[in-house]
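Undergrad: Structure: model10.csv, CSV, C-alpha atoms and all ligand atoms.
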```
chain,number,residue,atom,x,y,z
Z,30,MET,CA,5.6,23.8,22.5
Z,31,ALA,CA,8.2,26.5,21.7
Z,32,SER,CA,8.4,27.3,18.0
Z,33,VAL,CA,11.8,27.3,16.3
Z,34,GLU,CA,11.4,29.9,13.6
Z,35,PRO,CA,14.1,31.0,11.2
Z,36,SER,CA,14.8,34.6,11.9
Z,37,GLN,CA,14.8,37.2,9.1
Z,38,GLY,CA,18.6,37.7,8.9
Z,39,MET,CA,19.4,34.0,9.0
Z,40,GLY,CA,21.5,32.6,6.1
Z,41,ALA,CA,20.0,29.9,3.8
Z,42,ARG,CA,22.1,27.2,5.4
Z,43,ALA,CA,21.0,28.0,8.9
Z,44,ARG,CA,17.4,28.1,7.7
Z,45,ASP,CA,17.7,24.7,6.2
Z,46,ASP,CA,19.1,23.4,9.5
Z,47,VAL,CA,16.2,24.8,11.5
Z,48,GLU,CA,13.7,23.4,9.0
Z,49,GLU,CA,15.4,20.0,9.2
Z,50,LEU,CA,15.3,20.1,13.0
Z,51,GLU,CA,11.6,21.1,13.0
Z,52,LEU,CA,10.9,18.3,10.6
Z,53,GLN,CA,12.6,15.7,12.9
Z,54,LEU,CA,10.7,17.1,15.9
Z,55,LEU,CA,7.4,16.8,14.0
Z,56,LEU,CA,8.1,13.2,13.0
Z,57,GLU,CA,9.2,12.3,16.6
Z,58,ALA,CA,6.0,13.9,18.0
Z,59,ILE,CA,3.8,12.0,15.5
Z,60,PHE,CA,5.5,8.8,16.5
Z,61,ARG,CA,5.2,9.3,20.2
Z,62,ARG,CA,1.6,10.7,20.2
Z,63,TYR,CA,0.1,8.5,17.5
Z,64,GLY,CA,2.5,5.6,16.9
Z,65,PHE,CA,2.8,6.3,13.1
Z,66,ASP,CA,6.5,6.1,12.2
Z,67,PHE,CA,7.4,8.3,9.2
Z,68,ARG,CA,10.9,8.9,10.5
Z,69,GLU,CA,12.5,6.9,7.7
Z,70,TYR,CA,10.2,7.9,4.8
Z,71,ALA,CA,12.0,9.3,1.8
Z,72,ALA,CA,12.9,12.8,2.8
Z,73,ALA,CA,12.1,15.0,-0.3
Z,74,SER,CA,8.6,13.8,-0.9
Z,75,LEU,CA,7.8,13.8,2.9
Z,76,ARG,CA,9.0,17.4,3.2
Z,77,ARG,CA,6.9,18.5,0.2
Z,78,ARG,CA,3.8,16.9,1.6
Z,79,ILE,CA,4.3,18.3,5.1
Z,80,TRP,CA,4.7,21.8,3.8
Z,81,ARG,CA,1.5,21.4,1.8
Z,82,ARG,CA,-0.3,20.5,5.0
Z,83,VAL,CA,1.3,23.4,6.8
Z,84,ARG,CA,-0.2,25.8,4.2
Z,85,ALA,CA,-3.5,24.0,4.0
Z,86,GLU,CA,-3.9,24.4,7.8
Z,87,GLY,CA,-3.2,28.2,7.4
Z,88,LEU,CA,0.1,27.9,9.2
Z,89,ASP,CA,3.6,29.3,8.5
Z,90,THR,CA,5.9,26.8,10.1
Z,91,ILE,CA,6.4,23.1,10.6
Z,92,SER,CA,6.6,23.6,14.4
Z,93,GLY,CA,3.1,25.3,14.2
Z,94,LEU,CA,1.9,22.1,12.5
Z,95,THR,CA,3.5,20.0,15.3
Z,96,GLU,CA,1.6,21.9,17.9
Z,97,ARG,CA,-1.7,21.6,16.1
Z,98,LEU,CA,-1.2,17.8,15.6
Z,99,LEU,CA,-0.5,17.3,19.2
Z,100,HIS,CA,-3.7,19.0,20.3
Z,101,GLU,CA,-6.0,18.1,17.5
Z,102,PRO,CA,-6.3,14.5,16.3
Z,103,GLY,CA,-8.4,15.6,13.3
Z,104,ALA,CA,-5.3,17.4,12.0
Z,105,MET,CA,-3.3,14.2,12.3
Z,106,GLU,CA,-6.0,12.4,10.2
Z,107,ARG,CA,-5.7,15.1,7.5
Z,108,LEU,CA,-1.9,14.8,7.5
Z,109,LEU,CA,-2.2,11.0,7.3
Z,110,LEU,CA,-4.2,11.3,4.1
Z,111,ASP,CA,-1.5,13.6,2.7
Z,112,LEU,CA,1.3,11.3,3.6
Z,113,SER,CA,-0.2,8.0,2.6
Z,114,ILE,CA,-0.6,8.7,-1.0
Z,115,ASN,CA,-3.5,6.5,-1.9
Z,116,VAL,CA,-3.4,6.5,-5.7
Z,117,THR,CA,-4.5,3.2,-7.0
Z,118,ALA,CA,-6.7,1.6,-9.8
Z,119,MET,CA,-8.4,-1.7,-10.7
Z,120,PHE,CA,-6.2,-4.0,-12.7
Z,121,ARG,CA,-3.4,-1.3,-12.5
Z,122,ASP,CA,-0.6,-2.4,-14.8
Z,123,PRO,CA,-2.7,-5.1,-16.6
Z,124,THR,CA,0.3,-7.1,-17.6
Z,125,PHE,CA,1.0,-7.7,-13.9
Z,126,TYR,CA,-2.3,-9.5,-13.6
Z,127,VAL,CA,-1.6,-11.6,-16.7
Z,128,ALA,CA,1.6,-12.7,-14.9
Z,129,LEU,CA,-0.4,-13.5,-11.8
Z,130,ARG,CA,-2.6,-15.8,-13.9
Z,131,GLU,CA,0.3,-17.5,-15.5
Z,132,ARG,CA,2.8,-17.7,-12.6
Z,133,LEU,CA,1.0,-17.4,-9.3
Z,134,VAL,CA,-2.3,-19.2,-9.9
Z,135,PRO,CA,-0.7,-22.6,-11.0
Z,136,MET,CA,1.2,-22.5,-7.7
Z,137,LEU,CA,-1.9,-21.7,-5.7
Z,138,ARG,CA,-3.7,-24.7,-7.3
Z,139,THR,CA,-1.2,-27.0,-5.7
Z,140,TYR,CA,-2.5,-26.1,-2.2
Z,141,PRO,CA,-5.8,-27.1,-0.6
Z,142,PHE,CA,-6.0,-23.7,1.0
Z,143,THR,CA,-4.0,-20.5,0.7
Z,144,ARG,CA,-3.6,-17.2,2.4
Z,145,LEU,CA,-2.6,-14.0,0.4
Z,146,TRP,CA,-1.7,-10.7,1.9
Z,147,VAL,CA,-2.3,-7.4,0.0
Z,148,ALA,CA,-0.2,-4.9,2.1
Z,149,GLY,CA,-0.9,-1.3,1.5
Z,150,CYS,CA,-4.2,-2.0,-0.2
Z,151,SER,CA,-5.4,1.6,-0.2
Z,152,THR,CA,-9.1,1.9,-1.1
Z,153,GLY,CA,-9.2,-1.7,-2.2
Z,154,GLU,CA,-9.2,-1.6,-6.0
Z,155,GLU,CA,-6.3,-4.0,-6.1
Z,156,VAL,CA,-8.1,-6.4,-3.7
Z,157,TYR,CA,-11.3,-6.6,-5.8
Z,158,SER,CA,-9.1,-7.1,-8.9
Z,159,LEU,CA,-7.3,-10.0,-7.3
Z,160,ALA,CA,-10.6,-11.5,-6.0
Z,161,ILE,CA,-12.1,-11.3,-9.6
Z,162,LEU,CA,-9.0,-13.0,-11.0
Z,163,LEU,CA,-8.9,-15.8,-8.5
Z,164,HIS,CA,-12.6,-16.3,-8.9
Z,165,GLU,CA,-12.2,-16.6,-12.7
Z,166,GLU,CA,-9.4,-19.0,-12.2
Z,167,GLY,CA,-11.5,-21.2,-9.9
Z,168,VAL,CA,-9.3,-20.8,-6.8
Z,169,TYR,CA,-11.1,-18.0,-4.9
Z,170,GLU,CA,-13.1,-20.5,-2.8
Z,171,ARG,CA,-10.0,-21.9,-1.2
Z,172,THR,CA,-8.2,-18.6,-0.7
Z,173,ARG,CA,-8.3,-16.1,2.1
Z,174,ILE,CA,-7.1,-12.6,1.3
Z,175,TYR,CA,-5.8,-10.3,4.1
Z,176,ALA,CA,-6.0,-6.7,2.9
Z,177,THR,CA,-4.2,-4.1,5.1
Z,178,ASP,CA,-3.2,-0.4,5.1
Z,179,ILE,CA,-1.8,2.0,7.6
Z,180,ASN,CA,-4.8,4.3,7.0
Z,181,ASP,CA,-8.0,3.0,8.5
Z,182,GLN,CA,-10.1,5.5,6.5
Z,183,VAL,CA,-9.0,3.9,3.2
Z,184,VAL,CA,-9.6,0.5,4.6
Z,185,GLU,CA,-13.1,1.5,5.6
Z,186,ARG,CA,-13.7,2.7,2.0
Z,187,ALA,CA,-12.3,-0.6,0.6
Z,188,ARG,CA,-14.9,-2.4,2.7
Z,189,THR,CA,-17.8,-0.6,1.1
Z,190,GLY,CA,-17.1,-2.0,-2.4
Z,191,LEU,CA,-18.1,1.4,-3.9
Z,192,PHE,CA,-16.0,2.9,-6.7
Z,193,PRO,CA,-16.7,5.9,-8.9
Z,194,LEU,CA,-18.8,4.9,-11.9
Z,195,ALA,CA,-16.8,7.3,-14.1
Z,196,LYS,CA,-13.7,5.0,-13.7
Z,197,MET,CA,-15.5,1.9,-15.0
Z,198,ARG,CA,-14.6,2.6,-18.6
Z,199,ASP,CA,-10.9,2.6,-17.9
Z,200,TYR,CA,-11.2,-0.3,-15.5
Z,201,THR,CA,-13.0,-2.3,-18.1
Z,202,GLN,CA,-10.1,-1.7,-20.5
Z,203,ASN,CA,-7.6,-2.7,-17.9
Z,204,TYR,CA,-9.6,-5.8,-17.1
Z,205,ILE,CA,-9.6,-6.9,-20.7
Z,206,ARG,CA,-5.9,-6.3,-21.0
Z,207,ALA,CA,-5.4,-8.2,-17.8
Z,208,GLY,CA,-6.8,-11.3,-19.4
Z,209,GLY,CA,-10.4,-11.0,-18.0
Z,210,THR,CA,-12.7,-13.7,-19.3
Z,211,ARG,CA,-16.1,-12.3,-18.7
Z,212,ALA,CA,-18.0,-9.0,-19.1
Z,213,PHE,CA,-16.5,-6.7,-16.4
Z,214,SER,CA,-20.0,-5.2,-15.7
Z,215,GLU,CA,-21.0,-8.6,-14.3
Z,216,TYR,CA,-19.1,-7.8,-11.2
Z,217,TYR,CA,-20.9,-4.6,-10.2
Z,218,VAL,CA,-24.3,-2.9,-10.1
Z,219,ALA,CA,-24.2,0.6,-11.5
Z,220,GLY,CA,-25.8,3.2,-9.3
Z,221,TYR,CA,-26.1,7.0,-9.9
Z,222,ASP,CA,-22.5,7.8,-9.6
Z,223,ALA,CA,-21.0,4.7,-8.0
Z,224,ALA,CA,-20.4,1.1,-9.1
Z,225,GLU,CA,-21.2,-1.3,-6.2
Z,226,PHE,CA,-19.1,-4.5,-6.5
Z,227,HIS,CA,-20.7,-7.8,-5.4
Z,228,ARG,CA,-20.2,-8.6,-1.8
Z,229,SER,CA,-19.4,-12.2,-2.8
Z,230,LEU,CA,-16.0,-10.8,-4.0
Z,231,ILE,CA,-15.0,-10.0,-0.5
Z,232,GLU,CA,-16.5,-13.0,1.2
Z,233,ASN,CA,-13.0,-14.4,1.8
Z,234,VAL,CA,-11.3,-11.0,2.4
Z,235,VAL,CA,-10.3,-9.8,5.9
Z,236,PHE,CA,-9.7,-6.0,5.9
Z,237,ALA,CA,-7.6,-4.5,8.7
Z,238,GLN,CA,-5.4,-1.6,9.6
Z,239,HIS,CA,-1.8,-2.6,9.8
Z,240,ASN,CA,1.4,-0.5,9.8
Z,241,LEU,CA,4.2,-2.1,7.9
Z,242,VAL,CA,6.7,0.0,9.8
Z,243,SER,CA,5.7,-0.8,13.4
Z,244,ASP,CA,3.4,-3.8,13.3
Z,245,GLY,CA,4.7,-7.4,13.1
Z,246,SER,CA,3.9,-10.4,11.1
Z,247,PHE,CA,0.4,-11.9,11.8
Z,248,ASN,CA,0.3,-15.1,9.7
Z,249,GLU,CA,2.1,-17.2,7.1
Z,250,PHE,CA,1.2,-16.5,3.5
Z,251,GLN,CA,1.6,-18.3,0.1
Z,252,ALA,CA,1.8,-14.8,-1.5
Z,253,ILE,CA,2.3,-11.2,-0.5
Z,254,MET,CA,1.5,-8.4,-2.8
Z,255,CYS,CA,2.9,-5.0,-1.8
Z,256,ARG,CA,2.9,-2.7,-4.8
Z,257,ASN,CA,3.8,1.0,-4.9
Z,258,VAL,CA,4.2,1.3,-1.1
Z,259,MET,CA,7.9,0.9,-0.5
Z,260,ILE,CA,8.7,3.6,-3.0
Z,261,TYR,CA,7.9,6.0,-0.2
Z,262,PHE,CA,10.4,4.4,2.2
Z,263,ASP,CA,14.1,5.0,2.5
Z,264,LYS,CA,16.5,2.1,2.1
Z,265,SER,CA,16.7,1.0,5.7
Z,266,LEU,CA,12.9,1.0,6.1
Z,267,GLN,CA,12.6,-0.9,2.9
Z,268,ASN,CA,15.0,-3.5,4.3
Z,269,GLN,CA,13.0,-3.7,7.5
Z,270,VAL,CA,9.8,-4.3,5.5
Z,271,HIS,CA,11.5,-6.9,3.4
Z,272,ARG,CA,12.4,-8.8,6.5
Z,273,LEU,CA,8.8,-8.7,7.6
Z,274,PHE,CA,7.7,-10.1,4.2
Z,275,TYR,CA,10.5,-12.7,4.2
Z,276,ASP,CA,9.4,-13.9,7.7
Z,277,SER,CA,5.8,-13.9,6.7
Z,278,LEU,CA,6.1,-15.9,3.5
Z,279,ALA,CA,5.8,-19.7,3.4
Z,280,ARG,CA,8.6,-21.5,1.7
Z,281,PHE,CA,8.1,-21.1,-2.1
Z,282,GLY,CA,5.7,-18.3,-1.3
Z,283,VAL,CA,5.6,-15.5,-3.9
Z,284,LEU,CA,6.4,-11.8,-3.3
Z,285,ALA,CA,4.9,-9.3,-5.8
Z,286,LEU,CA,6.2,-5.8,-6.0
Z,287,GLY,CA,5.4,-2.7,-8.1
Z,288,HIS,CA,6.9,-2.1,-11.5
Z,289,LYS,CA,9.3,0.5,-10.1
Z,290,GLU,CA,10.4,-1.7,-7.2
Z,291,SER,CA,12.8,-4.7,-6.9
Z,292,ILE,CA,14.2,-7.2,-4.5
Z,293,ARG,CA,17.5,-7.0,-6.2
Z,294,PHE,CA,19.3,-4.6,-3.9
Z,295,SER,CA,17.8,-5.8,-0.7
Z,296,PRO,CA,19.7,-8.0,1.8
Z,297,PHE,CA,17.1,-10.7,1.0
Z,298,ALA,CA,17.8,-10.8,-2.8
Z,299,ASP,CA,19.6,-14.2,-2.7
Z,300,ARG,CA,16.7,-15.8,-0.7
Z,301,TYR,CA,14.4,-15.4,-3.7
Z,302,GLU,CA,14.4,-16.5,-7.3
Z,303,THR,CA,12.9,-14.3,-10.0
Z,304,LEU,CA,9.7,-15.6,-11.5
Z,305,ASP,CA,9.1,-12.6,-13.7
Z,306,ASP,CA,11.6,-9.8,-13.9
Z,307,ARG,CA,9.4,-7.3,-15.6
Z,308,GLU,CA,6.4,-7.9,-13.4
Z,309,LYS,CA,8.5,-8.1,-10.2
Z,310,LEU,CA,7.4,-11.5,-9.1
Z,311,TYR,CA,9.8,-13.4,-6.8
Z,312,ARG,CA,9.6,-16.8,-5.1
Z,313,LYS,CA,11.1,-17.4,-1.7
Z,314,VAL,CA,13.5,-20.3,-2.1
Z,315,ALA,CA,15.8,-20.2,1.0
Z,401,LIG,C1,0.2,4.4,-3.8
Z,401,LIG,S1,-0.8,3.4,-2.7
Z,401,LIG,C2,-0.7,1.9,-3.4
Z,401,LIG,C3,-2.0,1.1,-3.5
Z,401,LIG,C4,-1.9,-0.2,-4.2
Z,401,LIG,N1,-1.0,-1.1,-3.6
Z,401,LIG,C5,-1.6,0.0,-5.6
Z,401,LIG,O1,-0.4,-0.3,-6.1
Z,401,LIG,O2,-2.4,0.4,-6.4
Z,401,LIG,C6,0.2,3.3,-1.3
Z,401,LIG,C7,-0.5,2.8,0.0
Z,401,LIG,O3,0.5,2.5,1.0
Z,401,LIG,C8,-0.1,2.8,2.2
Z,401,LIG,N2,1.0,2.9,3.2
Z,401,LIG,C9,1.9,3.9,3.3
Z,401,LIG,N3,2.7,3.7,4.4
Z,401,LIG,C10,2.3,2.5,4.9
Z,401,LIG,C11,2.7,1.7,6.1
Z,401,LIG,N4,3.7,2.1,6.8
Z,401,LIG,N5,2.0,0.6,6.3
Z,401,LIG,C12,1.0,0.2,5.6
Z,401,LIG,N6,0.6,0.9,4.5
Z,401,LIG,C13,1.2,2.0,4.2
Z,401,LIG,C14,-0.8,4.1,2.0
Z,401,LIG,O4,-1.7,4.4,3.0
Z,401,LIG,C15,-1.4,3.9,0.6
Z,401,LIG,O5,-2.7,3.5,0.7
```
With the file now loaded, output its structure as structure tokens.
Ligand SMILES: C[S@@+](CC[C@H](N)C(=O)[O-])C[C@H]1O[C@@H](n2cnc3c(N)ncnc32)[C@H](O)[C@@H]1O

TA:
Amino acid sequence: MASVEPSQGMGARARDDVEELELQLLLEAIFRRYGFDFREYAAASLRRRIWRRVRAEGLDTISGLTERLLHEPGAMERLLLDLSINVTAMFRDPTFYVALRERLVPMLRTYPFTRLWVAGCSTGEEVYSLAILLHEEGVYERTRIYATDINDQVVERARTGLFPLAKMRDYTQNYIRAGGTRAFSEYYVAGYDAAEFHRSLIENVVFAQHNLVSDGSFNEFQAIMCRNVMIYFDKSLQNQVHRLFYDSLARFGVLALGHKESIRFSPFADRYETLDDREKLYRKVA
């Protein structure tokens, strides 16, 4: 592929235009070759991460990265890890889990069987937290959790149930603040440097790769949790994903977003009522 490189004497404006063009070509190439659609991800953070990958690969230009990605799937995997920021934690935002106990669980109790979708589950910390909570509330047995992420490497890690032992102190604090009713250490076996969580916690969990941008709905759910994922999407992509969630939720189903997210400015705002404004819990009503 021909490289579009800014020439030395080029003005700053022209250089920006070339960079923008190279970026669009890169995103287009990724989409066509691998099917991952980052074309509507929020531009500033995307650009920063792509430049970081350009440098990490020992390259100088975005078009150089495009060429490498097209010929070397391993480079695509490395970029995917850069782009799908996987930061997560067990019982992240403990008050959110208190709200789940108070708002979501009573609703789940009214059904003989429920399906929950954790979209953008990363390495699974959120899934194990939810499983523990549902277990303590006595509704885990009649629940199936679908845990998905665009990145199959993180999904694979989630399946193992292994988490760094060094994190357990923080996670224990989170668990207590989240209203945990047992000793947190009951849920795992401590190894040399990893805590291995009991397999029974994922007995009712289906892990799968799923891309919120390009894959469709695959079931009907009583609750969908998608926290700290859409912050990386631009407005139109957020709206597209909100449509997917709206279509995938049963009537009176609950949508749970991250602390920095809201349904308020989406076209679906009036189809939900707010269950908890601070914890971003919404119920589909129309
Ligand atoms: C910051 S993590 C959030 C993890 C977890 N939900 C939490 O709040 O702790 C964002 C996750 O979204 C995933 N993600 C990004 N784009 C996605 C997409 N198009 N479809 C599905 N998952 C995506 C990333 O791979 C990453 O694991």

Undergrad: May I have the residues at most 10 Å from (15.4, -1.7, -2.7) in the file's coordinates, counting only C-alpha atoms, as number ranges by chain?

TA: Z: 259-260, 262-268, 271, 289-298

Undergrad: What's the separation between CA of Ile205 in chain Z and CA of Glu232 in chain Z, in Å to one decimal place?

TA: 23.8 Å

Undergrad: Write out as JSON lines the residues of chain Z that have any atom within 7 Å of an atom of ligand LIG 401 (chain Z), one row each with the nearest atom pair and its distance in Å to one decimal, counting all atoms listed in the file, sorted by chain and then rising number.

TA:
```
{"residue": "Z:Ser113", "atom": "CA", "partner": "Z:LIG401", "partner_atom": "O4", "distance": 3.9}
{"residue": "Z:Ile114", "atom": "CA", "partner": "Z:LIG401", "partner_atom": "C15", "distance": 5.1}
{"residue": "Z:Asn115", "atom": "CA", "partner": "Z:LIG401", "partner_atom": "O5", "distance": 4.0}
{"residue": "Z:Val116", "atom": "CA", "partner": "Z:LIG401", "partner_atom": "C1", "distance": 4.6}
{"residue": "Z:Thr117", "atom": "CA", "partner": "Z:LIG401", "partner_atom": "O2", "distance": 3.6}
{"residue": "Z:Ala118", "atom": "CA", "partner": "Z:LIG401", "partner_atom": "O2", "distance": 5.6}
{"residue": "Z:Arg121", "atom": "CA", "partner": "Z:LIG401", "partner_atom": "O2", "distance": 6.4}
{"residue": "Z:Ala148", "atom": "CA", "partner": "Z:LIG401", "partner_atom": "C12", "distance": 6.3}
{"residue": "Z:Gly149", "atom": "CA", "partner": "Z:LIG401", "partner_atom": "N6", "distance": 4.0}
{"residue": "Z:Cys150", "atom": "CA", "partner": "Z:LIG401", "partner_atom": "N1", "distance": 4.8}
{"residue": "Z:Ser151", "atom": "CA", "partner": "Z:LIG401", "partner_atom": "O5", "distance": 3.4}
{"residue": "Z:Thr152", "atom": "CA", "partner": "Z:LIG401", "partner_atom": "O5", "distance": 6.8}
{"residue": "Z:Glu155", "atom": "CA", "partner": "Z:LIG401", "partner_atom": "O2", "distance": 5.9}
{"residue": "Z:Thr177", "atom": "CA", "partner": "Z:LIG401", "partner_atom": "C12", "distance": 6.8}
{"residue": "Z:Asp178", "atom": "CA", "partner": "Z:LIG401", "partner_atom": "N6", "distance": 4.1}
{"residue": "Z:Ile179", "atom": "CA", "partner": "Z:LIG401", "partner_atom": "C12", "distance": 3.9}
{"residue": "Z:Asn180", "atom": "CA", "partner": "Z:LIG401", "partner_atom": "O4", "distance": 5.1}
{"residue": "Z:Val183", "atom": "CA", "partner": "Z:LIG401", "partner_atom": "O5", "distance": 6.8}
{"residue": "Z:His239", "atom": "CA", "partner": "Z:LIG401", "partner_atom": "C12", "distance": 5.8}
{"residue": "Z:Asn240", "atom": "CA", "partner": "Z:LIG401", "partner_atom": "N5", "distance": 3.7}
{"residue": "Z:Leu241", "atom": "CA", "partner": "Z:LIG401", "partner_atom": "N5", "distance": 3.8}
{"residue": "Z:Val242", "atom": "CA", "partner": "Z:LIG401", "partner_atom": "N4", "distance": 4.7}
{"residue": "Z:Cys255", "atom": "CA", "partner": "Z:LIG401", "partner_atom": "N1", "distance": 5.8}
{"residue": "Z:Arg256", "atom": "CA", "partner": "Z:LIG401", "partner_atom": "O1", "distance": 4.3}
{"residue": "Z:Asn257", "atom": "CA", "partner": "Z:LIG401", "partner_atom": "O1", "distance": 4.6}
{"residue": "Z:Val258", "atom": "CA", "partner": "Z:LIG401", "partner_atom": "O3", "distance": 4.4}
{"residue": "Z:Gly287", "atom": "CA", "partner": "Z:LIG401", "partner_atom": "O1", "distance": 6.6}
```

Undergrad: Which is closest to Arg138 in chain Z among Z:Gly153, Z:Leu304, Z:Leu162, Z:Thr172, if we use only C-alpha atoms?

TA: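 Selected residue with least distance to Arg138 in chain Z: Z:Thr172.
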
Undergrad: Could you check which of Z:Ala41, Z:Ala71, Z:Leu56, Z:Ala315 is closest to Leu108 in chain Z, using all atoms listed in the file?

TA: Z:Leu56

Undergrad: One decimal, Å: what's the distance from CA of Leu55 in chain Z over to CA of Tyr70 in chain Z, could you say?

TA: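 Going from CA of Leu55 in chain Z over to CA of Tyr70 in chain Z, I get 13.1 Å.
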
Undergrad: Report, in Å to a single decimal, how far apart CA of Arg188 in chain Z and CA of Ala104 in chain Z are.

TA: 23.9 Å

Undergrad: Write out as a PyMOL selection string the residues lying within 12 Å of Ala219 in chain Z, counting all atoms listed in the file and excluding same-chain residues fewer than 4 positions away.

TA: chain Z and resi 190-197+213-215+223-227

Undergrad: Which one of Z:Ala187, Z:Leu112, Z:Val314, Z:Leu286 sits closest to Phe236 in chain Z if you count only C-alpha atoms?

TA: Z:Ala187

Undergrad: Measuring between all atoms listed in the file, which one of Z:Glu86, Z:Arg171, Z:Tyr261, Z:Ala73 shows the shortest distance to Gly103 in chain Z?

TA: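 Closest candidate: Z:Glu86.
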
Undergrad: So that I can see what lies close to Leu98 in chain Z, please list as a list of chain:residue names the residues with an atom at most 12 Å from it, counting all atoms listed in the file and leaving out residues fewer than 5 positions away in the same chain.

TA: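 Using all atoms listed in the file, the neighbours found are Z:Met30, Z:Leu54, Z:Leu55, Z:Leu56, Z:Glu57, Z:Ala58, Z:Ile59, Z:Phe60, Z:Arg61, Z:Arg62, Z:Tyr63, Z:Ile79, Z:Arg82, Z:Val83, Z:Glu86, Z:Ile91, Z:Ser92, Z:Gly93, Z:Gly103, Z:Ala104, Z:Met105, Z:Glu106, Z:Arg107, Z:Leu108, Z:Leu109.
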